[in-house]
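**Student:** This one is data-v8.txt, compact mmCIF, C-alpha atoms.
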# COMPACT_ATOMS: atom_id res chain seq x y z
CA MET A 1368 13.07 37.23 13.63
CA GLU A 1369 11.04 34.13 12.82
CA LYS A 1370 11.68 31.07 14.90
CA ALA A 1371 11.24 27.57 13.59
CA ILE A 1372 10.82 24.18 15.21
CA PHE A 1373 11.38 21.00 13.26
CA PHE A 1374 10.10 17.61 14.36
CA ASP A 1375 11.16 14.10 13.60
CA ILE A 1376 8.13 11.79 12.97
CA ASP A 1377 8.67 8.21 14.17
CA GLY A 1378 9.15 7.97 17.93
CA THR A 1379 8.79 11.74 18.27
CA LEU A 1380 5.32 12.78 17.06
CA LEU A 1381 3.92 9.27 17.11
CA ASP A 1382 4.71 5.92 18.61
CA THR A 1383 5.68 3.85 15.61
CA SER A 1384 7.52 1.08 17.40
CA SER A 1385 4.67 -0.28 19.50
CA PHE A 1386 2.11 -0.45 16.69
CA VAL A 1387 4.67 -2.02 14.39
CA GLU A 1388 5.28 -4.81 16.88
CA VAL A 1389 1.57 -5.48 17.39
CA ALA A 1390 0.95 -5.37 13.63
CA ARG A 1391 3.79 -7.78 12.91
CA LYS A 1392 2.67 -10.22 15.60
CA SER A 1393 -0.95 -10.10 14.39
CA ALA A 1394 0.22 -10.81 10.85
CA ILE A 1395 2.25 -13.79 12.07
CA ASP A 1396 -0.71 -15.15 14.06
CA ILE A 1397 -2.90 -15.11 10.95
CA MET A 1398 -0.20 -16.71 8.81
CA ILE A 1399 0.26 -19.53 11.34
CA GLU A 1400 -3.51 -20.03 11.69
CA ASN A 1401 -3.60 -20.40 7.92
CA GLY A 1402 -0.90 -22.99 7.74
CA LEU A 1403 2.56 -21.39 8.10
CA PRO A 1404 4.49 -24.32 9.63
CA SER A 1405 6.30 -22.54 12.46
CA THR A 1406 5.80 -21.24 15.99
CA LYS A 1407 4.92 -17.64 16.83
CA ASP A 1408 8.18 -16.93 18.64
CA GLU A 1409 10.42 -18.47 16.01
CA THR A 1410 8.58 -16.69 13.22
CA TYR A 1411 8.81 -13.33 14.98
CA SER A 1412 12.56 -13.76 15.54
CA LEU A 1413 13.05 -14.74 11.93
CA LEU A 1414 11.00 -11.74 10.72
CA LYS A 1415 13.15 -9.41 12.82
CA GLU A 1416 16.28 -10.96 11.34
CA ILE A 1417 14.94 -10.47 7.82
CA ILE A 1418 14.06 -6.83 8.56
CA ALA A 1419 17.56 -6.22 9.97
CA GLU A 1420 19.08 -7.88 6.92
CA LYS A 1421 16.95 -6.24 4.20
CA GLY A 1422 16.23 -2.88 5.87
CA SER A 1423 12.87 -1.66 7.13
CA ASN A 1424 11.94 -0.03 3.81
CA TYR A 1425 12.22 -3.27 1.83
CA ASP A 1426 8.69 -4.25 0.80
CA LYS A 1427 8.93 -8.04 0.62
CA HIS A 1428 9.68 -9.09 4.21
CA PHE A 1429 6.74 -11.51 4.29
CA ASN A 1430 7.72 -13.02 0.94
CA VAL A 1431 11.19 -13.81 2.27
CA LEU A 1432 9.68 -15.09 5.51
CA THR A 1433 7.51 -17.68 3.74
CA GLU A 1434 10.38 -18.58 1.44
CA ARG A 1435 12.68 -19.34 4.38
CA ILE A 1436 10.06 -21.31 6.30
CA CYS A 1437 8.29 -23.12 3.45
CA GLY A 1438 11.14 -23.45 0.95
CA LYS A 1439 9.29 -21.22 -1.53
CA GLU A 1440 7.20 -18.05 -1.50
CA ASP A 1441 3.60 -18.64 -0.46
CA TYR A 1442 1.59 -15.78 -1.99
CA ARG A 1443 -1.58 -16.66 -0.09
CA LEU A 1444 0.18 -16.42 3.27
CA VAL A 1445 2.02 -13.27 2.18
CA ALA A 1446 -1.27 -11.59 1.25
CA LEU A 1447 -2.91 -12.68 4.52
CA GLY A 1448 0.05 -11.31 6.47
CA MET A 1449 0.22 -8.03 4.58
CA VAL A 1450 -3.48 -7.26 4.75
CA THR A 1451 -3.48 -7.98 8.49
CA TYR A 1452 -0.33 -5.92 9.03
CA HIS A 1453 -1.80 -2.89 7.24
CA ASN A 1454 -5.23 -3.18 8.88
CA VAL A 1455 -3.71 -3.32 12.37
CA LYS A 1456 -1.18 -0.59 11.61
CA PHE A 1457 -3.80 1.87 10.39
CA ALA A 1458 -6.11 0.97 13.26
CA LEU A 1459 -3.39 1.73 15.83
CA LEU A 1460 -1.72 4.73 14.20
CA ARG A 1461 -2.13 7.60 16.68
CA PRO A 1462 -0.06 10.59 17.71
CA PHE A 1463 1.37 10.50 21.26
CA SER A 1464 -1.32 11.71 23.65
CA LYS A 1465 0.27 15.17 24.02
CA THR A 1466 1.36 15.68 20.40
CA ILE A 1467 -1.62 17.68 19.11
CA ARG A 1468 -1.75 19.80 22.25
CA VAL A 1469 1.93 20.71 21.91
CA LEU A 1470 1.59 21.53 18.21
CA ILE A 1471 -1.31 23.89 18.99
CA TYR A 1472 0.68 25.43 21.88
CA LEU A 1473 3.69 26.12 19.64
CA LYS A 1474 1.54 27.54 16.82
CA ASN A 1475 -0.08 29.89 19.34
CA LYS A 1476 3.35 31.05 20.47
CA GLY A 1477 4.15 32.04 16.88
CA TYR A 1478 6.65 29.36 15.93
CA LYS A 1479 6.85 28.13 12.37
CA LEU A 1480 6.66 24.34 12.42
CA GLY A 1481 8.23 21.79 10.10
CA VAL A 1482 9.15 18.14 9.80
CA ILE A 1483 12.54 16.64 8.96
CA SER A 1484 12.24 12.89 8.57
CA ASN A 1485 14.38 10.04 7.29
CA GLY A 1486 12.19 7.72 5.20
CA ILE A 1487 10.24 7.15 2.03
CA THR A 1488 8.40 10.37 1.12
CA LYS A 1489 5.11 8.61 0.40
CA LYS A 1490 5.09 6.64 3.66
CA GLN A 1491 6.02 9.59 5.88
CA TRP A 1492 3.45 11.87 4.29
CA GLU A 1493 0.87 9.12 4.59
CA LYS A 1494 1.35 9.04 8.37
CA LEU A 1495 0.88 12.82 8.67
CA VAL A 1496 -2.20 12.73 6.45
CA ARG A 1497 -3.81 9.72 8.15
CA LEU A 1498 -3.36 11.47 11.50
CA ASP A 1499 -4.62 14.73 10.00
CA ILE A 1500 -1.72 16.69 11.47
CA HIS A 1501 -0.13 17.79 8.19
CA ASP A 1502 -1.69 21.26 8.35
CA PHE A 1503 0.40 22.17 11.38
CA PHE A 1504 3.55 22.06 9.28
CA GLU A 1505 4.67 24.67 6.80
CA GLU A 1506 7.38 22.42 5.40
CA VAL A 1507 7.82 18.65 5.41
CA ILE A 1508 11.25 17.50 4.35
CA THR A 1509 11.97 13.80 3.86
CA SER A 1510 15.26 12.13 3.02
CA GLY A 1511 13.49 10.30 0.20
CA GLU A 1512 12.70 13.63 -1.41
CA VAL A 1513 15.93 15.58 -0.92
CA GLY A 1514 18.45 12.75 -1.31
CA PHE A 1515 20.23 13.45 1.97
CA GLU A 1516 19.32 11.98 5.34
CA LYS A 1517 19.79 13.04 8.93
CA PRO A 1518 22.42 13.47 10.35
CA GLN A 1519 23.75 14.89 7.05
CA LYS A 1520 24.01 18.67 7.18
CA GLU A 1521 22.37 19.10 3.77
CA ILE A 1522 18.91 17.94 4.84
CA PHE A 1523 18.86 20.47 7.69
CA GLU A 1524 20.12 23.22 5.38
CA GLU A 1525 17.42 22.41 2.84
CA ALA A 1526 14.80 22.56 5.59
CA LEU A 1527 16.05 25.92 6.90
CA ASN A 1528 16.21 27.25 3.39
CA ARG A 1529 12.63 26.28 2.56
CA MET A 1530 11.36 27.60 5.84
CA GLY A 1531 13.24 30.89 5.39
CA CYS A 1532 14.75 30.64 8.88
CA LYS A 1533 18.27 30.82 10.21
CA ALA A 1534 19.88 27.87 11.96
CA GLU A 1535 20.44 29.90 15.15
CA ASN A 1536 16.72 30.60 15.38
CA SER A 1537 15.72 26.97 14.84
CA ILE A 1538 15.24 23.95 17.04
CA MET A 1539 15.14 20.27 16.12
CA ILE A 1540 13.04 17.95 18.29
CA GLY A 1541 13.76 14.25 17.91
CA ASN A 1542 14.35 10.96 19.71
CA LYS A 1543 17.60 9.80 18.10
CA VAL A 1544 20.78 11.28 19.54
CA GLU A 1545 23.12 10.61 16.64
CA ILE A 1546 20.61 11.27 13.88
CA ASP A 1547 18.35 14.08 15.05
CA ILE A 1548 20.33 15.80 17.77
CA MET A 1549 23.91 15.64 16.51
CA GLY A 1550 22.75 16.36 12.99
CA ALA A 1551 20.95 19.51 14.08
CA ILE A 1552 23.83 20.68 16.28
CA HIS A 1553 26.30 20.31 13.41
CA ALA A 1554 23.97 22.34 11.21
CA GLY A 1555 24.09 25.15 13.78
CA MET A 1556 20.63 24.56 15.25
CA SER A 1557 19.71 23.82 18.82
CA ALA A 1558 17.98 20.59 19.77
CA ILE A 1559 15.60 18.95 22.23
CA LEU A 1560 15.83 15.22 22.85
CA VAL A 1561 12.57 13.42 23.60
CA ASN A 1562 11.79 9.77 24.49
CA TYR A 1563 15.47 9.19 25.01
CA GLU A 1564 16.46 5.54 25.34
CA TYR A 1565 19.71 5.34 27.23
CA ASP A 1566 22.73 3.76 25.61
CA PRO A 1567 26.42 4.34 26.46
CA LYS A 1568 27.42 5.70 23.05
CA SER A 1569 24.74 8.37 22.93
CA LYS A 1570 25.29 9.21 26.61
CA LYS A 1571 28.87 10.11 25.74
CA LEU A 1572 27.76 12.27 22.82
CA LEU A 1573 25.25 14.13 24.98
CA LYS A 1574 27.89 15.00 27.60
CA ASN A 1575 29.71 17.35 25.26
CA PHE A 1576 26.75 19.48 24.23
CA ASP A 1577 24.12 21.48 26.00
CA ILE A 1578 21.04 19.51 24.94
CA LYS A 1579 17.64 19.78 26.58
CA ILE A 1580 16.27 16.35 27.41
CA ILE A 1581 12.57 15.82 28.05
CA ASP A 1582 10.66 12.63 28.87
CA ASN A 1583 7.79 13.05 26.47
CA ILE A 1584 6.60 15.53 23.88
CA GLY A 1585 4.15 17.08 26.36
CA GLU A 1586 7.07 18.57 28.27
CA VAL A 1587 7.90 20.83 25.32
CA GLU A 1588 5.48 23.21 27.04
CA ASP A 1589 7.82 23.38 30.05
CA VAL A 1590 10.91 24.29 28.05
CA LEU A 1591 9.62 26.55 25.24
CA MET B 721 -11.85 -37.33 -14.51
CA GLU B 722 -11.44 -34.12 -12.53
CA LYS B 723 -12.98 -31.01 -13.94
CA ALA B 724 -11.59 -27.54 -13.32
CA ILE B 725 -13.00 -24.05 -13.62
CA PHE B 726 -10.73 -21.04 -13.73
CA PHE B 727 -11.90 -17.50 -13.05
CA ASP B 728 -10.57 -14.13 -14.02
CA ILE B 729 -10.73 -11.64 -11.09
CA ASP B 730 -11.41 -8.05 -12.18
CA GLY B 731 -14.79 -7.64 -13.82
CA THR B 732 -15.56 -11.34 -13.37
CA LEU B 733 -15.54 -12.17 -9.64
CA LEU B 734 -15.73 -8.56 -8.53
CA ASP B 735 -16.66 -5.20 -9.94
CA THR B 736 -13.34 -3.40 -10.02
CA SER B 737 -14.25 -0.69 -12.50
CA SER B 738 -17.03 1.01 -10.54
CA PHE B 739 -15.13 1.23 -7.25
CA VAL B 740 -12.04 2.47 -9.04
CA GLU B 741 -13.99 5.34 -10.57
CA VAL B 742 -15.56 6.33 -7.24
CA ALA B 743 -12.19 6.04 -5.48
CA ARG B 744 -10.45 8.20 -8.09
CA LYS B 745 -13.15 10.85 -7.99
CA SER B 746 -13.13 10.94 -4.18
CA ALA B 747 -9.35 11.36 -4.22
CA ILE B 748 -9.65 14.24 -6.69
CA ASP B 749 -12.34 15.94 -4.59
CA ILE B 750 -10.07 15.87 -1.53
CA MET B 751 -7.09 17.15 -3.51
CA ILE B 752 -9.11 20.06 -4.92
CA GLU B 753 -10.56 20.88 -1.47
CA ASN B 754 -6.98 21.02 -0.22
CA GLY B 755 -5.76 23.39 -2.89
CA LEU B 756 -5.18 21.56 -6.17
CA PRO B 757 -5.81 24.41 -8.65
CA SER B 758 -8.07 22.67 -11.15
CA THR B 759 -11.68 21.62 -11.69
CA LYS B 760 -13.03 18.14 -10.93
CA ASP B 761 -13.80 17.29 -14.55
CA GLU B 762 -10.49 18.50 -15.94
CA THR B 763 -8.55 16.69 -13.21
CA TYR B 764 -10.42 13.44 -13.79
CA SER B 765 -9.79 13.62 -17.55
CA LEU B 766 -6.12 14.34 -16.93
CA LEU B 767 -5.84 11.45 -14.47
CA LYS B 768 -7.36 9.07 -17.01
CA GLU B 769 -4.88 10.31 -19.62
CA ILE B 770 -1.99 9.70 -17.22
CA ILE B 771 -3.25 6.19 -16.41
CA ALA B 772 -3.57 5.39 -20.13
CA GLU B 773 -0.07 6.74 -20.70
CA LYS B 774 1.73 5.11 -17.76
CA GLY B 775 -0.35 1.94 -17.40
CA SER B 776 -2.68 1.05 -14.55
CA ASN B 777 0.03 -0.69 -12.51
CA TYR B 778 2.28 2.40 -12.35
CA ASP B 779 2.23 3.59 -8.73
CA LYS B 780 2.80 7.34 -9.14
CA HIS B 781 -0.28 8.53 -11.03
CA PHE B 782 -1.08 11.18 -8.41
CA ASN B 783 2.52 12.40 -8.38
CA VAL B 784 2.39 13.00 -12.13
CA LEU B 785 -1.06 14.58 -11.76
CA THR B 786 0.17 17.22 -9.30
CA GLU B 787 3.31 17.75 -11.36
CA ARG B 788 1.29 18.51 -14.49
CA ILE B 789 -1.20 20.78 -12.72
CA CYS B 790 1.12 22.55 -10.25
CA GLY B 791 4.41 22.51 -12.19
CA LYS B 792 6.01 20.29 -9.55
CA GLU B 793 5.07 17.29 -7.40
CA ASP B 794 3.02 18.23 -4.33
CA TYR B 795 3.64 15.44 -1.79
CA ARG B 796 0.94 16.68 0.56
CA LEU B 797 -1.74 16.52 -2.14
CA VAL B 798 -0.38 13.17 -3.37
CA ALA B 799 -0.65 11.69 0.14
CA LEU B 800 -4.17 13.09 0.61
CA GLY B 801 -5.21 11.63 -2.74
CA MET B 802 -3.64 8.24 -2.11
CA VAL B 803 -4.99 7.76 1.39
CA THR B 804 -8.49 8.71 0.17
CA TYR B 805 -8.20 6.44 -2.85
CA HIS B 806 -7.20 3.44 -0.73
CA ASN B 807 -9.78 4.08 1.97
CA VAL B 808 -12.61 4.30 -0.56
CA LYS B 809 -11.32 1.34 -2.55
CA PHE B 810 -11.17 -0.97 0.46
CA ALA B 811 -14.54 0.27 1.68
CA LEU B 812 -16.18 -0.54 -1.66
CA LEU B 813 -14.36 -3.75 -2.54
CA ARG B 814 -17.05 -6.46 -2.77
CA PRO B 815 -17.64 -9.53 -4.89
CA PHE B 816 -20.56 -9.35 -7.34
CA SER B 817 -23.76 -10.21 -5.49
CA LYS B 818 -23.89 -13.74 -6.90
CA THR B 819 -20.16 -14.55 -6.77
CA ILE B 820 -20.01 -16.40 -3.43
CA ARG B 821 -23.20 -18.31 -4.17
CA VAL B 822 -21.81 -19.53 -7.49
CA LEU B 823 -18.48 -20.53 -5.96
CA ILE B 824 -20.30 -22.61 -3.33
CA TYR B 825 -22.54 -24.12 -6.03
CA LEU B 826 -19.56 -25.17 -8.14
CA LYS B 827 -17.66 -26.58 -5.15
CA ASN B 828 -20.73 -28.65 -4.26
CA LYS B 829 -20.83 -30.01 -7.80
CA GLY B 830 -17.26 -31.26 -7.37
CA TYR B 831 -15.38 -28.85 -9.61
CA LYS B 832 -11.83 -27.82 -8.73
CA LEU B 833 -11.64 -24.02 -8.78
CA GLY B 834 -8.77 -21.76 -9.70
CA VAL B 835 -7.90 -18.20 -10.69
CA ILE B 836 -5.95 -17.04 -13.74
CA SER B 837 -5.38 -13.30 -13.53
CA ASN B 838 -3.28 -10.71 -15.32
CA GLY B 839 -1.79 -8.36 -12.75
CA ILE B 840 0.66 -7.80 -9.92
CA THR B 841 0.70 -10.92 -7.72
CA LYS B 842 0.52 -8.96 -4.48
CA LYS B 843 -2.42 -6.81 -5.60
CA GLN B 844 -4.48 -9.69 -7.01
CA TRP B 845 -3.94 -11.85 -3.93
CA GLU B 846 -4.80 -8.87 -1.75
CA LYS B 847 -8.24 -8.63 -3.37
CA LEU B 848 -8.96 -12.34 -2.81
CA VAL B 849 -7.79 -12.14 0.80
CA ARG B 850 -9.66 -8.91 1.62
CA LEU B 851 -12.83 -10.50 0.24
CA ASP B 852 -12.06 -13.73 2.09
CA ILE B 853 -12.72 -15.83 -1.01
CA HIS B 854 -9.20 -17.21 -1.42
CA ASP B 855 -10.11 -20.55 0.21
CA PHE B 856 -12.42 -21.43 -2.67
CA PHE B 857 -9.45 -21.70 -5.00
CA GLU B 858 -6.95 -24.52 -5.14
CA GLU B 859 -4.59 -22.59 -7.39
CA VAL B 860 -4.17 -18.86 -8.02
CA ILE B 861 -2.02 -18.06 -11.03
CA THR B 862 -1.04 -14.45 -11.76
CA SER B 863 0.88 -13.10 -14.72
CA GLY B 864 3.17 -11.30 -12.25
CA GLU B 865 4.18 -14.65 -10.81
CA VAL B 866 4.56 -16.80 -13.93
CA GLY B 867 5.93 -14.22 -16.36
CA PHE B 868 3.30 -14.86 -19.04
CA GLU B 869 -0.05 -13.15 -19.32
CA LYS B 870 -3.41 -14.01 -20.82
CA PRO B 871 -3.98 -14.60 -23.74
CA GLN B 872 -0.55 -16.29 -23.89
CA LYS B 873 -0.91 -20.06 -23.96
CA GLU B 874 1.79 -20.57 -21.32
CA ILE B 875 -0.19 -19.07 -18.44
CA PHE B 876 -3.11 -21.42 -19.13
CA GLU B 877 -0.75 -24.39 -19.44
CA GLU B 878 0.91 -23.52 -16.13
CA ALA B 879 -2.53 -23.31 -14.49
CA LEU B 880 -3.65 -26.67 -15.89
CA ASN B 881 -0.38 -28.21 -14.88
CA ARG B 882 -0.61 -27.01 -11.28
CA MET B 883 -4.22 -28.03 -11.02
CA GLY B 884 -3.47 -31.45 -12.48
CA CYS B 885 -6.30 -31.15 -15.01
CA LYS B 886 -6.48 -31.53 -18.76
CA ALA B 887 -7.44 -28.63 -21.01
CA GLU B 888 -10.44 -30.49 -22.42
CA ASN B 889 -11.87 -30.89 -18.91
CA SER B 890 -11.36 -27.24 -17.99
CA ILE B 891 -13.37 -24.06 -18.40
CA MET B 892 -12.22 -20.44 -18.23
CA ILE B 893 -14.76 -17.85 -17.04
CA GLY B 894 -13.87 -14.24 -17.81
CA ASN B 895 -15.14 -10.91 -19.13
CA LYS B 896 -12.53 -10.11 -21.78
CA VAL B 897 -13.02 -11.74 -25.15
CA GLU B 898 -9.51 -11.41 -26.51
CA ILE B 899 -7.72 -12.06 -23.24
CA ASP B 900 -9.74 -14.60 -21.29
CA ILE B 901 -11.84 -16.31 -23.91
CA MET B 902 -9.54 -16.51 -26.96
CA GLY B 903 -6.60 -17.34 -24.68
CA ALA B 904 -8.46 -20.28 -23.14
CA ILE B 905 -9.75 -21.53 -26.50
CA HIS B 906 -6.24 -21.50 -27.96
CA ALA B 907 -5.03 -23.48 -24.96
CA GLY B 908 -7.66 -26.13 -25.71
CA MET B 909 -10.05 -25.19 -22.91
CA SER B 910 -13.67 -24.18 -23.20
CA ALA B 911 -14.83 -20.77 -22.04
CA ILE B 912 -17.77 -18.82 -20.64
CA LEU B 913 -17.99 -15.09 -21.27
CA VAL B 914 -19.56 -12.99 -18.51
CA ASN B 915 -20.36 -9.26 -18.25
CA TYR B 916 -19.67 -8.90 -21.94
CA GLU B 917 -19.38 -5.35 -23.20
CA TYR B 918 -20.16 -5.28 -26.88
CA ASP B 919 -17.56 -4.06 -29.34
CA PRO B 920 -17.29 -4.88 -33.05
CA LYS B 921 -13.87 -6.52 -32.87
CA SER B 922 -14.77 -8.97 -30.14
CA LYS B 923 -18.17 -9.63 -31.77
CA LYS B 924 -16.32 -10.84 -34.83
CA LEU B 925 -14.06 -13.09 -32.76
CA LEU B 926 -17.02 -14.60 -30.95
CA LYS B 927 -18.77 -15.54 -34.21
CA ASN B 928 -16.18 -18.14 -35.09
CA PHE B 929 -16.29 -20.08 -31.84
CA ASP B 930 -18.95 -21.76 -29.79
CA ILE B 931 -18.72 -19.65 -26.64
CA LYS B 932 -21.36 -19.55 -23.91
CA ILE B 933 -22.26 -15.96 -23.05
CA ILE B 934 -23.99 -15.12 -19.76
CA ASP B 935 -25.10 -11.77 -18.41
CA ASN B 936 -23.73 -12.10 -14.90
CA ILE B 937 -21.83 -14.61 -12.84
CA GLY B 938 -25.07 -15.82 -11.19
CA GLU B 939 -26.09 -17.43 -14.48
CA VAL B 940 -23.23 -19.90 -14.22
CA GLU B 941 -25.78 -21.99 -12.32
CA ASP B 942 -27.93 -22.18 -15.47
CA VAL B 943 -25.15 -23.45 -17.73
CA LEU B 944 -23.08 -25.76 -15.48
Once more with this new file: its structure as structure tokens, please.

**Tutor:**
Amino acid sequence: MEKAIFFDIDGTLLDTSSFVEVARKSAIDIMIENGLPSTKDETYSLLKEIIAEKGSNYDKHFNVLTERICGKEDYRLVALGMVTYHNVKFALLRPFSKTIRVLIYLKNKGYKLGVISNGITKKQWEKLVRLDIHDFFEEVITSGEVGFEKPQKEIFEEALNRMGCKAENSIMIGNKVEIDIMGAIHAGMSAILVNYEYDPKSKKLLKNFDIKIIDNIGEVEDVL
Amino acid sequence: MEKAIFFDIDGTLLDTSSFVEVARKSAIDIMIENGLPSTKDETYSLLKEIIAEKGSNYDKHFNVLTERICGKEDYRLVALGMVTYHNVKFALLRPFSKTIRVLIYLKNKGYKLGVISNGITKKQWEKLVRLDIHDFFEEVITSGEVGFEKPQKEIFEEALNRMGCKAENSIMIGNKVEIDIMGAIHAGMSAILVNYEYDPKSKKLLKNFDIKIIDNIGEVEDVL
């Protein structure tokens, strides 16, 4: 019976959050150097507010930022910010140090590998392709493509279906308790939690299920 | 009385068309190497058809390309194509060899400089910022921003208005006869045609007006 392992992308295969912070701060530095009338700290707080308000997939955060600070959009500053953001992001985009090693290890053990990711199809695929890790995965399923997102059962079912594997023979590896882990459990899969950041709500959820918790993706080798 | 010179971007300040062709062909090579079942020539012809059909500002040309060749969208091939396209494009993006020299020359002669460009605001600004030539220009006017495009009179009027210059003291430099040159003339400005590619229709238009024609942007120094 074929066994499948599905991975989340952001925070699981690669460290999105730290490069995003550096990229945002670099963009703000350049915008201020070029005349944005604000301080670094205030601008960063405001940018985070705008991202929380508009969602992380909105593509005009910097436009809104200049509008709120300057009274109207400043296209020059927006372009300076965006170019800097993308340059820094692509320069820093790397898998976690143990990611490739673990993917090779699992392939060698005969697992079929896949990705189940919430996000815009184009952006998620771009990360896999820029890191050159896409060939490890037989199936890449994004919420943008299938119209359902984790923790909805349907996205896991679609993934299992495409992979030709049964839920009971499949494992989801992710870093979000409610989204990756609970979603997989409700779809009948087992799950491994990685890079877990403690919070009371998820702690409570974890109590009721038998979930493997590992500190970093390298430890997959200890449990599989 | 202040004198202003406005530039078109693509084909005037920088050579968009040659890098676009190289970038598209590189993207196609990678897609074919990774399994796109088609030949290079057929795929390039098909891509050009799709661009003509959907317009150059449509952002899913590669999606449609894989759909038409494979029967359905192939997100992996789309991502490989897009990442390659953008990498090559940004690697090759350069002003024409005489562009910077001419901008400095005109600044030294006391002209106010601006840009009037048809296109998506974000993309046109991105080119200026990536080339680090944005500081030469006091005003950058894009059709995406103002809602009118060359040759419509309104975009030229908006540009003159922002620059605080009169039409009779202003010159438009561009490579498209009907769009840049006729548009400027109808707005009361004078015009210089650069990188002119002969065609019968534009030849006829040019006959009726006294338009300076120069071979490349470097020759601006000979006429101003």

**Student:** Show me, as a count of residues only, every residue of chain A with an atom at most 9 Å from chain B, counting only C-alpha atoms.

**Tutor:** 18

**Student:** Using only C-alpha atoms, what table do you get, as CSV, when you list each residue of region 1465-1515 of chain A with an atom no more than 12 Å from region 1529-1533 of chain A, its nearest pair of atoms, and their distance in Å rounded to one decimal, rows by chain then rising number?

**Tutor:**
residue,atom,partner,partner_atom,distance
A:Tyr1478,CA,A:Cys1532,CA,10.8
A:Lys1479,CA,A:Met1530,CA,8.0
A:Leu1480,CA,A:Met1530,CA,8.7
A:Gly1481,CA,A:Met1530,CA,7.9
A:Val1482,CA,A:Met1530,CA,10.5
A:Ile1483,CA,A:Met1530,CA,11.5
A:Phe1504,CA,A:Met1530,CA,10.2
A:Glu1505,CA,A:Met1530,CA,7.4
A:Glu1506,CA,A:Met1530,CA,6.5
A:Val1507,CA,A:Arg1529,CA,9.5
A:Ile1508,CA,A:Arg1529,CA,9.1
A:Val1513,CA,A:Arg1529,CA,11.7

**Student:** Do you have the CA of Lys745 (chain B)-CA of Ile1487 (chain A) distance handy?

**Tutor:** 25.7 Å

**Student:** Set the distance at 10 Å and use all atoms listed in the file: which residues neighbour Ile905 (chain B) once local chain neighbours fewer than 3 positions away are removed? I'd like the list as a tab-separated table (two decimals) with C-alpha atoms, in the frame of the given file.

**Tutor:**
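What landed in part09.tsv:
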chain	number	residue	atom	x	y	z
B	871	PRO	CA	-3.98	-14.60	-23.74
B	873	LYS	CA	-0.91	-20.06	-23.96
B	876	PHE	CA	-3.11	-21.42	-19.13
B	887	ALA	CA	-7.44	-28.63	-21.01
B	888	GLU	CA	-10.44	-30.49	-22.42
B	891	ILE	CA	-13.37	-24.06	-18.40
B	892	MET	CA	-12.22	-20.44	-18.23
B	900	ASP	CA	-9.74	-14.60	-21.29
B	901	ILE	CA	-11.84	-16.31	-23.91
B	902	MET	CA	-9.54	-16.51	-26.96
B	908	GLY	CA	-7.66	-26.13	-25.71
B	909	MET	CA	-10.05	-25.19	-22.91
B	910	SER	CA	-13.67	-24.18	-23.20
B	911	ALA	CA	-14.83	-20.77	-22.04
B	929	PHE	CA	-16.29	-20.08	-31.84
B	930	ASP	CA	-18.95	-21.76	-29.79
B	931	ILE	CA	-18.72	-19.65	-26.64

**Student:** Leaving out Ile752 (chain B) and any residue of its chain fewer than 4 positions from it, which residues lie within 12 Å of it when counting all atoms listed in the file, given as a PDB file with C-alpha atoms, keeping the file's coordinate frame?

**Tutor:**
ATOM      1  CA  LYS B 745     -13.150  10.850  -7.990  1.00  0.00           C
ATOM      2  CA  SER B 746     -13.130  10.940  -4.180  1.00  0.00           C
ATOM      3  CA  ALA B 747      -9.350  11.360  -4.220  1.00  0.00           C
ATOM      4  CA  ILE B 748      -9.650  14.240  -6.690  1.00  0.00           C
ATOM      5  CA  LEU B 756      -5.180  21.560  -6.170  1.00  0.00           C
ATOM      6  CA  PRO B 757      -5.810  24.410  -8.650  1.00  0.00           C
ATOM      7  CA  SER B 758      -8.070  22.670 -11.150  1.00  0.00           C
ATOM      8  CA  THR B 759     -11.680  21.620 -11.690  1.00  0.00           C
ATOM      9  CA  LYS B 760     -13.030  18.140 -10.930  1.00  0.00           C
ATOM     10  CA  ASP B 761     -13.800  17.290 -14.550  1.00  0.00           C
ATOM     11  CA  GLU B 762     -10.490  18.500 -15.940  1.00  0.00           C
ATOM     12  CA  THR B 763      -8.550  16.690 -13.210  1.00  0.00           C
ATOM     13  CA  TYR B 764     -10.420  13.440 -13.790  1.00  0.00           C
ATOM     14  CA  LEU B 785      -1.060  14.580 -11.760  1.00  0.00           C
ATOM     15  CA  THR B 786       0.170  17.220  -9.300  1.00  0.00           C
ATOM     16  CA  ILE B 789      -1.200  20.780 -12.720  1.00  0.00           C
ATOM     17  CA  CYS B 790       1.120  22.550 -10.250  1.00  0.00           C
ATOM     18  CA  ARG B 796       0.940  16.680   0.560  1.00  0.00           C
ATOM     19  CA  LEU B 797      -1.740  16.520  -2.140  1.00  0.00           C
ATOM     20  CA  VAL B 798      -0.380  13.170  -3.370  1.00  0.00           C
ATOM     21  CA  LEU B 800      -4.170  13.090   0.610  1.00  0.00           C
ATOM     22  CA  GLY B 801      -5.210  11.630  -2.740  1.00  0.00           C
TER      23      GLY B 801
END

**Student:** What does the structure give for the distance between CA of Glu773 (chain B) and CA of Asp728 (chain B), in Å to one decimal?

**Tutor:**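 If I compute the distance from CA of Glu773 (chain B) to CA of Asp728 (chain B), I get 24.3 Å.
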
**Student:** Within 7 Å of region 809-813 of chain B, counting all atoms listed in the file, which residues show up once you throw out same-chain ones fewer than 6 positions away? Write them as JSON, numbers by chain, please.

**Tutor:** {"B": [739, 740, 743]}

**Student:** Rank A:Ile1584, A:Leu1560, A:Ala1554, A:Ile1418 by their smallest atom-to-atom distance to Gly1541 (chain A), using all atoms listed in the file, and report the top residue only.

**Tutor:** A:Leu1560

**Student:** Name the closest residue to Ile1522 (chain A) among the candidates A:Ala1551, A:Val1590, A:Ile1471, A:Ile1372; distances are taken between atoms, counting all atoms listed in the file.

**Tutor:**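 Of A:Ala1551, A:Val1590, A:Ile1471, A:Ile1372, the one nearest Ile1522 (chain A), counting all atoms listed in the file, is A:Ala1551.
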